[in-house]
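Novice: Have a look at this one.
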Amino acid sequence: MTSQELTVVDRVRRDLDKMVPQFRQALPASIRPERFARVAMTAIQSNPDLLGADRRTLMQSCMRAAQHGLLPDGREAALVVYNTKVKQDGKEVWIKAVQYQPMIAGLKKLAFKGGDIADWRLRLVREGD
């Protein structure tokens, strides 16, 4: 890792640490905000595209995951980078924006959390079934 990348990693870690009080308010009691921030940082370090993405959208995506009570660990939720056209200073420019996406394990967790689903089974369906 170059010294410039290390600086970016340190800045992202600092930004996540600043958000811990907000994560605390958004997260369910079962997830400690410090753990959430560590999991998010691990996901960010595992995907170099996230380090180069728009920081505001990265932090917003982390907050959305926290609000749903899902860890951005790639199983419950993922942080995904998309090239997105936005207006800046009256001009349209492309940025690397981060979006939070719940994954199947996260959707399952949310479904059970709501109490409306008692069981979740997957079965292979073949033609004629």
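Residue numbering restarts at 1 in every chain; chains get A, B, ... in the order shown in the structure tokens, and ligands count up from 1 in that same order.
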Could you name the residues that touch range 44-46 of chain A at 9 Å or less, counting only C-alpha atoms, but leaving out those on the same chain fewer than 6 positions away, as a PyMOL selection string?
Specialist: chain A and resi 9+12+79
Novice: How would the residues just chosen look if you wrote them out with N, CA, C and O atoms as a PDB file, in the first residue's frame?
Specialist:
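Saved file selection22.pdb follows:
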```pdb
ATOM      1  N   VAL A   9      -6.931   5.701   3.533  1.00  0.00           N
ATOM      2  CA  VAL A   9      -7.453   4.739   4.503  1.00  0.00           C
ATOM      3  C   VAL A   9      -7.611   5.399   5.867  1.00  0.00           C
ATOM      4  O   VAL A   9      -8.649   5.243   6.527  1.00  0.00           O
ATOM      5  N   VAL A  12     -10.638   7.768   5.793  1.00  0.00           N
ATOM      6  CA  VAL A  12     -11.910   7.037   5.817  1.00  0.00           C
ATOM      7  C   VAL A  12     -12.158   6.484   7.210  1.00  0.00           C
ATOM      8  O   VAL A  12     -13.275   6.575   7.738  1.00  0.00           O
ATOM      9  N   LEU A  79     -21.463  -2.711  -0.131  1.00  0.00           N
ATOM     10  CA  LEU A  79     -21.236  -1.346  -0.576  1.00  0.00           C
ATOM     11  C   LEU A  79     -20.689  -1.443  -1.994  1.00  0.00           C
ATOM     12  O   LEU A  79     -19.618  -2.009  -2.206  1.00  0.00           O
TER      13      LEU A  79
END
```
Novice: List the spatial neighbours of Val20 in chain A as a PyMOL selection string - criterion: any atom at most 10 Å away, only C-alpha atoms, same-chain residues fewer than 3 positions off excluded.
Specialist: chain A and resi 15-17+23-26+32-37+63
Novice: Go ahead and compute the interatomic distance for CA of Arg14 in chain A and CA of Ala105 in chain A, in Å to one decimal.
Specialist: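 Interatomic distance here is 28.6 Å.
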Novice: Could you list, as a ChimeraX atom specification, every residue within 12 Å of Leu70 in chain A, counting only C-alpha atoms and ignoring same-chain residues fewer than 4 positions away?
Specialist: /A:23,26-28,30-33,35-37,39-40,61-66,74-79,100-110,113
Novice: Determine the nearest neighbour of Val81 in chain A from the options A:His68, A:Ile95, A:Leu50, A:Gly128, counting only C-alpha atoms.
Specialist: A:Leu50
Novice: Can you list, as a ChimeraX atom specification, all residues belonging to range 5-59 of chain A that DSSP tags as alpha helix (DSSP H)?
Specialist: /A:5-26,33-46,48-51,55-59
Novice: Please report the interatomic distance between CA of Arg11 in chain A and CA of Gln60 in chain A in Å with one decimal.
Specialist: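 Taking CA of Arg11 in chain A and CA of Gln60 in chain A, their separation equals 15.8 Å.
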Novice: Just the strand (DSSP E or B) stuff from range 17-122 of chain A, please, per backbone DSSP, written as a ChimeraX atom specification.
Specialist: /A:77-88,91-102
Novice: I'd like to know which of A:Met41, A:Val93, A:Lys85, A:Leu124 is closest to Met59 in chain A, using only C-alpha atoms.
Specialist: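 Of A:Met41, A:Val93, A:Lys85, A:Leu124, the one nearest Met59 in chain A, counting only C-alpha atoms, is A:Met41.
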